[in-house]
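Listing of work.cif; format and content: mmCIF, N, CA, C and O atoms.
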data_final
loop_
_atom_site.label_atom_id
_atom_site.label_comp_id
_atom_site.auth_asym_id
_atom_site.auth_seq_id
_atom_site.Cartn_x
_atom_site.Cartn_y
_atom_site.Cartn_z
N MET A 12 97.46 84.17 54.39
CA MET A 12 98.16 83.35 55.35
C MET A 12 99.41 84.07 55.86
O MET A 12 99.71 84.01 57.04
N VAL A 13 100.13 84.73 54.97
CA VAL A 13 101.34 85.44 55.37
C VAL A 13 101.00 86.56 56.35
O VAL A 13 101.71 86.77 57.33
N ILE A 14 99.89 87.25 56.11
CA ILE A 14 99.48 88.33 57.00
C ILE A 14 99.15 87.77 58.38
O ILE A 14 99.50 88.35 59.41
N GLY A 15 98.51 86.62 58.42
CA GLY A 15 98.19 85.98 59.70
C GLY A 15 99.42 85.61 60.49
O GLY A 15 99.50 85.84 61.69
N VAL A 16 100.41 85.05 59.81
CA VAL A 16 101.67 84.69 60.47
C VAL A 16 102.38 85.94 60.98
O VAL A 16 102.92 85.96 62.09
N LEU A 17 102.33 87.01 60.19
CA LEU A 17 102.94 88.27 60.60
C LEU A 17 102.27 88.83 61.85
O LEU A 17 102.94 89.25 62.80
N VAL A 18 100.94 88.82 61.88
CA VAL A 18 100.20 89.33 63.04
C VAL A 18 100.50 88.50 64.29
O VAL A 18 100.73 89.04 65.38
N ILE A 19 100.51 87.19 64.15
CA ILE A 19 100.82 86.32 65.28
C ILE A 19 102.24 86.56 65.76
O ILE A 19 102.51 86.62 66.96
N GLY A 20 103.18 86.72 64.85
CA GLY A 20 104.56 86.99 65.22
C GLY A 20 104.72 88.30 65.96
O GLY A 20 105.43 88.39 66.96
N LEU A 21 104.04 89.34 65.47
CA LEU A 21 104.11 90.64 66.15
C LEU A 21 103.48 90.56 67.54
O LEU A 21 104.02 91.12 68.51
N GLY A 22 102.37 89.88 67.65
CA GLY A 22 101.72 89.73 68.96
C GLY A 22 102.59 88.96 69.94
O GLY A 22 102.74 89.36 71.10
N SER A 23 103.18 87.88 69.50
CA SER A 23 104.06 87.09 70.36
C SER A 23 105.29 87.88 70.76
O SER A 23 105.74 87.82 71.91
N GLY A 24 105.84 88.63 69.82
CA GLY A 24 107.00 89.47 70.13
C GLY A 24 106.66 90.54 71.15
O GLY A 24 107.45 90.82 72.06
N LEU A 25 105.48 91.12 71.03
CA LEU A 25 105.05 92.12 72.00
C LEU A 25 104.87 91.51 73.38
O LEU A 25 105.32 92.07 74.39
N LEU A 26 104.24 90.35 73.46
CA LEU A 26 104.07 89.68 74.74
C LEU A 26 105.41 89.33 75.39
O LEU A 26 105.58 89.47 76.60
N LYS A 27 106.36 88.91 74.58
CA LYS A 27 107.70 88.59 75.10
C LYS A 27 108.40 89.85 75.58
O LYS A 27 109.03 89.86 76.64
N ALA A 28 108.27 90.95 74.83
CA ALA A 28 108.95 92.19 75.17
C ALA A 28 108.44 92.81 76.47
O ALA A 28 109.22 93.38 77.23
N ILE A 29 107.15 92.67 76.75
CA ILE A 29 106.61 93.28 77.96
C ILE A 29 106.50 92.28 79.12
O ILE A 29 105.93 92.59 80.16
N ASN A 30 107.06 91.09 78.92
CA ASN A 30 107.17 90.07 79.98
C ASN A 30 105.85 89.66 80.62
O ASN A 30 105.75 89.54 81.84
N VAL A 31 104.82 89.44 79.80
CA VAL A 31 103.56 88.93 80.34
C VAL A 31 103.37 87.45 80.06
O VAL A 31 102.39 86.86 80.48
N GLY A 32 104.31 86.84 79.38
CA GLY A 32 104.23 85.41 79.09
C GLY A 32 103.85 85.15 77.65
O GLY A 32 103.26 86.00 76.99
N VAL A 33 104.18 83.99 77.17
CA VAL A 33 103.89 83.60 75.80
C VAL A 33 103.26 82.21 75.80
O VAL A 33 103.26 81.50 76.81
N ASP A 34 102.73 81.82 74.65
CA ASP A 34 102.12 80.50 74.52
C ASP A 34 103.20 79.41 74.53
O ASP A 34 104.38 79.70 74.34
N PRO A 35 102.82 78.16 74.77
CA PRO A 35 103.82 77.08 74.84
C PRO A 35 104.66 76.91 73.58
O PRO A 35 105.85 76.61 73.66
N TYR A 36 104.07 77.11 72.40
CA TYR A 36 104.82 76.97 71.15
C TYR A 36 105.92 78.02 71.06
O TYR A 36 107.05 77.73 70.70
N MET A 37 105.59 79.25 71.42
CA MET A 37 106.57 80.34 71.40
C MET A 37 107.65 80.09 72.46
O MET A 37 108.84 80.34 72.22
N ALA A 38 107.23 79.61 73.63
CA ALA A 38 108.20 79.32 74.69
C ALA A 38 109.19 78.25 74.23
O ALA A 38 110.40 78.35 74.50
N ALA A 39 108.69 77.24 73.53
CA ALA A 39 109.57 76.19 73.01
C ALA A 39 110.53 76.78 71.97
O ALA A 39 111.72 76.46 71.96
N ASN A 40 110.02 77.64 71.10
CA ASN A 40 110.88 78.28 70.09
C ASN A 40 111.95 79.16 70.73
O ASN A 40 113.09 79.19 70.27
N ILE A 41 111.60 79.87 71.80
CA ILE A 41 112.59 80.69 72.51
C ILE A 41 113.69 79.80 73.08
O ILE A 41 114.88 80.08 72.93
N GLY A 42 113.29 78.72 73.73
CA GLY A 42 114.27 77.81 74.33
C GLY A 42 115.17 77.15 73.30
O GLY A 42 116.39 77.09 73.48
N ILE A 43 114.59 76.68 72.20
CA ILE A 43 115.39 76.02 71.17
C ILE A 43 116.32 77.01 70.48
O ILE A 43 117.49 76.70 70.24
N SER A 44 115.82 78.22 70.20
CA SER A 44 116.69 79.21 69.55
C SER A 44 117.85 79.60 70.46
O SER A 44 118.97 79.80 69.98
N ASN A 45 117.61 79.71 71.76
CA ASN A 45 118.71 79.98 72.69
C ASN A 45 119.69 78.82 72.74
O ASN A 45 120.90 79.03 72.81
N LEU A 46 119.17 77.61 72.70
CA LEU A 46 120.01 76.42 72.77
C LEU A 46 120.94 76.29 71.57
O LEU A 46 122.12 75.96 71.72
N ILE A 47 120.43 76.59 70.37
CA ILE A 47 121.26 76.44 69.17
C ILE A 47 121.99 77.73 68.79
O ILE A 47 122.77 77.74 67.85
N GLY A 48 121.70 78.82 69.52
CA GLY A 48 122.42 80.07 69.28
C GLY A 48 121.92 80.90 68.12
O GLY A 48 122.66 81.71 67.58
N TRP A 49 120.68 80.71 67.72
CA TRP A 49 120.08 81.49 66.64
C TRP A 49 119.26 82.63 67.21
O TRP A 49 118.82 82.58 68.36
N ASP A 50 118.99 83.65 66.38
CA ASP A 50 118.03 84.67 66.76
C ASP A 50 116.65 84.03 66.79
O ASP A 50 116.35 83.11 66.01
N LEU A 51 115.80 84.55 67.67
CA LEU A 51 114.44 84.01 67.77
C LEU A 51 113.68 84.15 66.45
O LEU A 51 113.01 83.23 66.01
N GLY A 52 113.81 85.29 65.80
CA GLY A 52 113.09 85.52 64.54
C GLY A 52 113.47 84.53 63.46
O GLY A 52 112.61 84.01 62.75
N SER A 53 114.75 84.23 63.35
CA SER A 53 115.21 83.28 62.33
C SER A 53 114.68 81.88 62.62
O SER A 53 114.18 81.19 61.72
N TYR A 54 114.75 81.47 63.87
CA TYR A 54 114.26 80.13 64.21
C TYR A 54 112.74 80.06 64.08
O TYR A 54 112.20 79.06 63.60
N GLN A 55 112.03 81.12 64.48
CA GLN A 55 110.57 81.16 64.37
C GLN A 55 110.15 81.05 62.92
O GLN A 55 109.20 80.35 62.59
N LEU A 56 110.85 81.75 62.03
CA LEU A 56 110.55 81.68 60.60
C LEU A 56 110.75 80.26 60.08
O LEU A 56 109.89 79.72 59.38
N LEU A 57 111.87 79.65 60.41
CA LEU A 57 112.14 78.27 59.99
C LEU A 57 111.07 77.32 60.53
O LEU A 57 110.54 76.48 59.79
N SER A 58 110.73 77.47 61.77
CA SER A 58 109.74 76.60 62.40
C SER A 58 108.36 76.77 61.76
O SER A 58 107.67 75.78 61.48
N SER A 59 107.96 78.00 61.50
CA SER A 59 106.66 78.25 60.86
C SER A 59 106.62 77.70 59.45
O SER A 59 105.61 77.10 59.03
N CYS A 60 107.69 77.89 58.69
CA CYS A 60 107.75 77.34 57.33
C CYS A 60 107.69 75.82 57.35
O CYS A 60 106.98 75.21 56.54
N ARG A 61 108.40 75.21 58.28
CA ARG A 61 108.40 73.76 58.38
C ARG A 61 107.00 73.24 58.69
O ARG A 61 106.54 72.26 58.10
N MET A 62 106.29 73.91 59.60
CA MET A 62 104.94 73.48 59.95
C MET A 62 103.98 73.69 58.76
O MET A 62 103.11 72.86 58.53
N THR A 63 104.14 74.78 58.03
CA THR A 63 103.28 75.05 56.88
C THR A 63 103.50 74.02 55.78
O THR A 63 102.54 73.50 55.22
N TRP A 64 104.75 73.72 55.47
CA TRP A 64 105.04 72.75 54.40
C TRP A 64 104.61 71.36 54.79
O TRP A 64 104.20 70.58 53.97
N ARG A 65 104.68 71.05 56.08
CA ARG A 65 104.31 69.73 56.53
C ARG A 65 102.81 69.50 56.36
O ARG A 65 102.36 68.39 56.10
N ARG A 66 102.01 70.55 56.54
CA ARG A 66 100.55 70.42 56.44
C ARG A 66 100.05 70.45 55.01
O ARG A 66 98.93 70.10 54.74
N SER A 67 100.88 70.88 54.07
CA SER A 67 100.45 70.99 52.67
C SER A 67 100.39 69.63 52.01
O SER A 67 101.02 68.71 52.32
#
Would it be possible to restate this file's structure as structure tokens?
Amino acid sequence: MVIGVLVIGLGSGLLKAINVGVDPYMAANIGISNLIGWDLGSYQLLSSCRMTWRRS
């Protein structure tokens, strides 16, 4: 599961870096992280952990 999250994170980061667009979940995370003043990676990690724990 950790490897899957890592691959998805790297892919989303690449899409954001080359400006081809991202999925709605990533776009929401970008907006929220900018709004609260956090780095995208930190907020993405918190968000992914929250979603994982919620489903367990």
Residues of segment 32-63 of chain A at most 8 Å from segment 15-28 of chain A: nearest atom pair and distance in Å, only N, CA, C and O atoms, as a Markdown table:
| residue | atom | partner | partner_atom | distance |
| --- | --- | --- | --- | --- |
| A:Gly32 | N | A:Leu26 | O | 4.0 |
| A:Val33 | N | A:Leu26 | O | 5.7 |
| A:Asp34 | N | A:Ser23 | CA | 6.9 |
| A:Met37 | CA | A:Ser23 | CA | 7.3 |
Same residues, N, CA, C and O atoms, saved as a PDB file, in the frame of the given file:
ATOM      1  N   GLY A  32     104.310  86.840  79.380  1.00  0.00           N
ATOM      2  CA  GLY A  32     104.230  85.410  79.090  1.00  0.00           C
ATOM      3  C   GLY A  32     103.850  85.150  77.650  1.00  0.00           C
ATOM      4  O   GLY A  32     103.260  86.000  76.990  1.00  0.00           O
ATOM      5  N   VAL A  33     104.180  83.990  77.170  1.00  0.00           N
ATOM      6  CA  VAL A  33     103.890  83.600  75.800  1.00  0.00           C
ATOM      7  C   VAL A  33     103.260  82.210  75.800  1.00  0.00           C
ATOM      8  O   VAL A  33     103.260  81.500  76.810  1.00  0.00           O
ATOM      9  N   ASP A  34     102.730  81.820  74.650  1.00  0.00           N
ATOM     10  CA  ASP A  34     102.120  80.500  74.520  1.00  0.00           C
ATOM     11  C   ASP A  34     103.200  79.410  74.530  1.00  0.00           C
ATOM     12  O   ASP A  34     104.380  79.700  74.340  1.00  0.00           O
ATOM     13  N   MET A  37     105.590  79.250  71.420  1.00  0.00           N
ATOM     14  CA  MET A  37     106.570  80.340  71.400  1.00  0.00           C
ATOM     15  C   MET A  37     107.650  80.090  72.460  1.00  0.00           C
ATOM     16  O   MET A  37     108.840  80.340  72.220  1.00  0.00           O
TER      17      MET A  37
END
Work out where the centre of an axis-aligned box around every listed atom of segment 27-31 of chain A lies and how long its edges are once 3 Å is added on each side; give both in Å to one decimal as lines of an AutoDock Vina configuration file.
center_x = 105.8
center_y = 90.1
center_z = 78.2
size_x = 12.8
size_y = 12.5
size_z = 13.3
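Across the model, the gap from atom CA of Gly42 of chain A to atom CA of Ser59 of chain A is 15.5 Å.
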Work out how far atom CA of Ala38 of chain A is from atom CA of Leu57 of chain A, in Å to one decimal.
->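 These atoms are spaced 15.3 Å apart.
Note that atom CA of Ser58 of chain A and atom C of Asn45 of chain A are 14.5 Å apart.
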